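Before any comments, here is the structure.
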Amino acid sequence: VQSYKIWSKKSQNHNKFLSDFVREIKFGKNKYKSIDIIENLTDIDGNIYKTVKIGNQIWMAENLRVSRYRNGDSIPLIEDIRDWLNSESGAYCNYNNNFENETKNGKLYNWYCVNDNRHIAPKGWHVPSYADWNILIDYMNNNIPETNDLKIVKSLAAKSEWIEDSKNGIIGNNILSNNNSGFNSFPSGFRNKNGLYNGIGEYAIWWSSTESSGYYVDCFEISNYDEEIQNVNYDKEIGMSIRCIKNDEEFEKIENLGLNNYNYNSNYENSSM
């Protein structure tokens with residue numbers, strides 16, 4: 001069992017969720033070599049997020065819920081199906097247009113938010129690239145025990161909200177064994193490019209900042225149907241979750257120079273490009 005460093009900063013609307021999350025990690029049987037629950041992160045709207053160190057990376061341990069870019073400009077909320085279908089700029093929504101889904105699941109954003117130079121991530125953080133995601137996956141592959149009950153998807157998934165299933169090695173089987181990484185991902189679902197919602201309870205899908213072509217983006221997905229995390233290409237108009245990662249020194253230099261940091265690859269080659 002690892003020792004954990006935990007800082008408790010309470011939010012009026014988010015306190016119970018954070019307390020449950022800390023209790024779950026603190027008393028769980030963690031099997032990774034270098035994982036710490038660390039300081040809270042606050043976005044421009046005042047939302048507070050737990051963060052987790054996995055290997056040498058520091059990740060948000062919750063999906064993004066912000067409604068403004070870093071400079072204070074509002075991100076449009078689009079609920080209407082036709083408006084979502086026709087949008088060619090940054091927008092967000094809540095699953096089924098229900099604000100209550102935001103607390104655990106976060107907001108769903110199209111990719112135009114990710115690619116906006118006003119920055120959707122809090123200062124000092126960024127939307128992970130294809131490279132960032134693969135560094136996480138490589139670390140977990142090299143440090144996860146080889147058992148049917150501890151696949152990467154289960155280690156990334158939260159201990160609740162996933163639809164239960166009896167198949168060995170998938171998220172919904174023995175969900176109390178999930179979340180050994182502290183990543184704590186809920187099955188937030190998605191909004192397809194036609195504006196329809198789907199997949200809550202079954203899918204967690206995150207944007208990367210890396211385009212795989214002019215029309216598609218590298219995304220990363222865990223679901224109740226696969227034992228491994230999937231790298232998939234999706235349309236930019238789809239509404240999906242965002243997890244941010246803390247900048248390292250090299251990324252800070254790139255961002256401070258005003259360069260296109262969304263193409264930053266952390267020295268990890270994307271073989272699909």
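By convention in this document, the chains of the structure tokens carry letters A, B, ... by their order, each chain's residues are numbered from 1, and ligands are numbered from 1 in the order they are shown.
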
| So which residues touch Pro128 of chain A within 8 Å, counting only C-alpha atoms, skipping near sequence neighbours fewer than 3 positions away, as a ChimeraX atom specification? | /A:131-133,207-209,243-245

Write the residues you've just listed into a file as a PDB file, in the first residue's frame, and include N, CA, C and O atoms for each of them.
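Here's the written file result_33.pdb:
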ATOM      1  N   ALA A 131       0.907  12.139 -27.335  1.00  0.00           N
ATOM      2  CA  ALA A 131       2.117  11.713 -26.630  1.00  0.00           C
ATOM      3  C   ALA A 131       1.876  11.599 -25.133  1.00  0.00           C
ATOM      4  O   ALA A 131       2.279  10.619 -24.497  1.00  0.00           O
ATOM      5  N   ASP A 132       1.215  12.610 -24.548  1.00  0.00           N
ATOM      6  CA  ASP A 132       0.954  12.584 -23.109  1.00  0.00           C
ATOM      7  C   ASP A 132       0.145  11.353 -22.713  1.00  0.00           C
ATOM      8  O   ASP A 132       0.439  10.696 -21.712  1.00  0.00           O
ATOM      9  N   TRP A 133      -0.890  11.055 -23.486  1.00  0.00           N
ATOM     10  CA  TRP A 133      -1.725   9.894 -23.187  1.00  0.00           C
ATOM     11  C   TRP A 133      -0.911   8.602 -23.264  1.00  0.00           C
ATOM     12  O   TRP A 133      -1.058   7.707 -22.427  1.00  0.00           O
ATOM     13  N   TRP A 207     -10.730  13.936 -25.174  1.00  0.00           N
ATOM     14  CA  TRP A 207     -10.001  14.543 -26.280  1.00  0.00           C
ATOM     15  C   TRP A 207      -8.503  14.503 -26.007  1.00  0.00           C
ATOM     16  O   TRP A 207      -8.062  14.588 -24.869  1.00  0.00           O
ATOM     17  N   SER A 208      -7.731  14.408 -27.072  1.00  0.00           N
ATOM     18  CA  SER A 208      -6.333  14.826 -27.030  1.00  0.00           C
ATOM     19  C   SER A 208      -6.249  16.126 -27.819  1.00  0.00           C
ATOM     20  O   SER A 208      -7.223  16.553 -28.445  1.00  0.00           O
ATOM     21  N   SER A 209      -5.099  16.742 -27.810  1.00  0.00           N
ATOM     22  CA  SER A 209      -4.907  17.975 -28.576  1.00  0.00           C
ATOM     23  C   SER A 209      -4.344  17.689 -29.965  1.00  0.00           C
ATOM     24  O   SER A 209      -4.063  18.622 -30.717  1.00  0.00           O
ATOM     25  N   ARG A 243      -9.668  15.916 -19.835  1.00  0.00           N
ATOM     26  CA  ARG A 243      -8.805  15.819 -18.656  1.00  0.00           C
ATOM     27  C   ARG A 243      -7.563  16.638 -18.950  1.00  0.00           C
ATOM     28  O   ARG A 243      -6.933  16.452 -19.989  1.00  0.00           O
ATOM     29  N   CYS A 244      -7.174  17.486 -18.043  1.00  0.00           N
ATOM     30  CA  CYS A 244      -5.973  18.293 -18.251  1.00  0.00           C
ATOM     31  C   CYS A 244      -4.778  17.668 -17.534  1.00  0.00           C
ATOM     32  O   CYS A 244      -4.931  16.922 -16.565  1.00  0.00           O
ATOM     33  N   ILE A 245      -3.592  17.991 -18.023  1.00  0.00           N
ATOM     34  CA  ILE A 245      -2.342  17.512 -17.454  1.00  0.00           C
ATOM     35  C   ILE A 245      -1.457  18.716 -17.156  1.00  0.00           C
ATOM     36  O   ILE A 245      -1.484  19.715 -17.889  1.00  0.00           O
TER      37      ILE A 245
END

| request: List every residue of segment 171-263 of chain A that DSSP, applied to the backbone, labels as strand (DSSP E or B), and write the result as a ChimeraX atom specification. | output: /A:185,188-191,197-200,203-211,216-223,230-235,239-241,245-246

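If only C-alpha atoms are the atoms counted, then among A:Val114, A:Asp43, A:Gln230, A:Arg65 the closest residue to Cys93 of chain A is A:Arg65.
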
| request: Using atom CA of Ser166 of chain A and atom CA of Val52 of chain A as the two end points, give the distance in Å to one decimal. | output: 29.2 Å

| said: So, with only C-alpha atoms as the atoms that count, which of A:Asn110, A:Asn194, A:Asn105, A:Asn184 lies closest to Asp80 of chain A? | reply: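 The closest residue to Asp80 of chain A is A:Asn194.
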
| task | If you run DSSP over the backbone, which residues in segment 44-208 of chain A end up helix (DSSP H, G or I)? Put them as a ChimeraX atom specification. | result | /A:81-86,95-97,99-105,111-114,130-143,152-156,175-177

| said: What's around Val153 of chain A at 12 Å? Count only C-alpha atoms, leave out sequence neighbours fewer than 3 positions away in its own chain, and write the answer as a ChimeraX atom specification. | reply: /A:137,140-141,144,148-150,156-159,162,169-173,175,177-187,202-205,220-230

Under the rule of at most 9 Å, produce a per-residue listing of segment 93-123 of chain A near segment 233-237 of chain A: chain, number, name, the closest pair of atoms, and the distance in Å, as JSON lines, using only C-alpha atoms.
{"residue": "A:Tyr109", "atom": "CA", "partner": "A:Glu237", "partner_atom": "CA", "distance": 8.7}
{"residue": "A:Asn110", "atom": "CA", "partner": "A:Glu237", "partner_atom": "CA", "distance": 5.3}
{"residue": "A:Trp111", "atom": "CA", "partner": "A:Lys236", "partner_atom": "CA", "distance": 4.9}
{"residue": "A:Tyr112", "atom": "CA", "partner": "A:Lys236", "partner_atom": "CA", "distance": 6.9}

| request: Would you list the contacts of Gly239 of chain A as an NGL selection string, taking every protein, DNA or RNA residue within 12 Å and counting only C-alpha atoms, but skipping same-chain residues closer than 3 positions in sequence? | output: :A and (77-79 or 81 or 84-85 or 87 or 90-96 or 106-114 or 188-199 or 204-207 or 219 or 234-236 or 242)

| Between atom CA of Asp165 of chain A and atom CA of Lys151 of chain A - distance in Å to one decimal | 14.8 Å

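Going from atom CA of Asn86 of chain A over to atom CA of Ser241 of chain A, you cover 19.8 Å.
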
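Neighbours of His119 of chain A closer than or equal to 7 Å, with only C-alpha atoms counted and sequence neighbours fewer than 3 positions away skipped, come out as Tyr69, Arg70 and Asp116 of chain A.
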
How would the residues just picked look written out with N, CA, C and O atoms as a PDB file, in the first residue's frame?
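This went into again.pdb:
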ATOM      1  N   TYR A  69     -12.949  30.363 -21.166  1.00  0.00           N
ATOM      2  CA  TYR A  69     -11.540  30.201 -21.505  1.00  0.00           C
ATOM      3  C   TYR A  69     -10.686  30.914 -20.459  1.00  0.00           C
ATOM      4  O   TYR A  69     -11.183  31.696 -19.632  1.00  0.00           O
ATOM      5  N   ARG A  70      -9.391  30.677 -20.528  1.00  0.00           N
ATOM      6  CA  ARG A  70      -8.468  31.211 -19.537  1.00  0.00           C
ATOM      7  C   ARG A  70      -8.491  32.734 -19.482  1.00  0.00           C
ATOM      8  O   ARG A  70      -8.241  33.343 -18.432  1.00  0.00           O
ATOM      9  N   ASP A 116      -8.626  26.159 -29.325  1.00  0.00           N
ATOM     10  CA  ASP A 116      -8.762  27.611 -29.246  1.00  0.00           C
ATOM     11  C   ASP A 116      -7.550  28.215 -28.552  1.00  0.00           C
ATOM     12  O   ASP A 116      -7.150  27.758 -27.469  1.00  0.00           O
TER      13      ASP A 116
END

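Residues lying within 6 Å of Thr210 of chain A, counting only C-alpha atoms and ignoring same-chain neighbours fewer than 5 positions away, are Ser129, Tyr130, Val217 and Asp218 of chain A.
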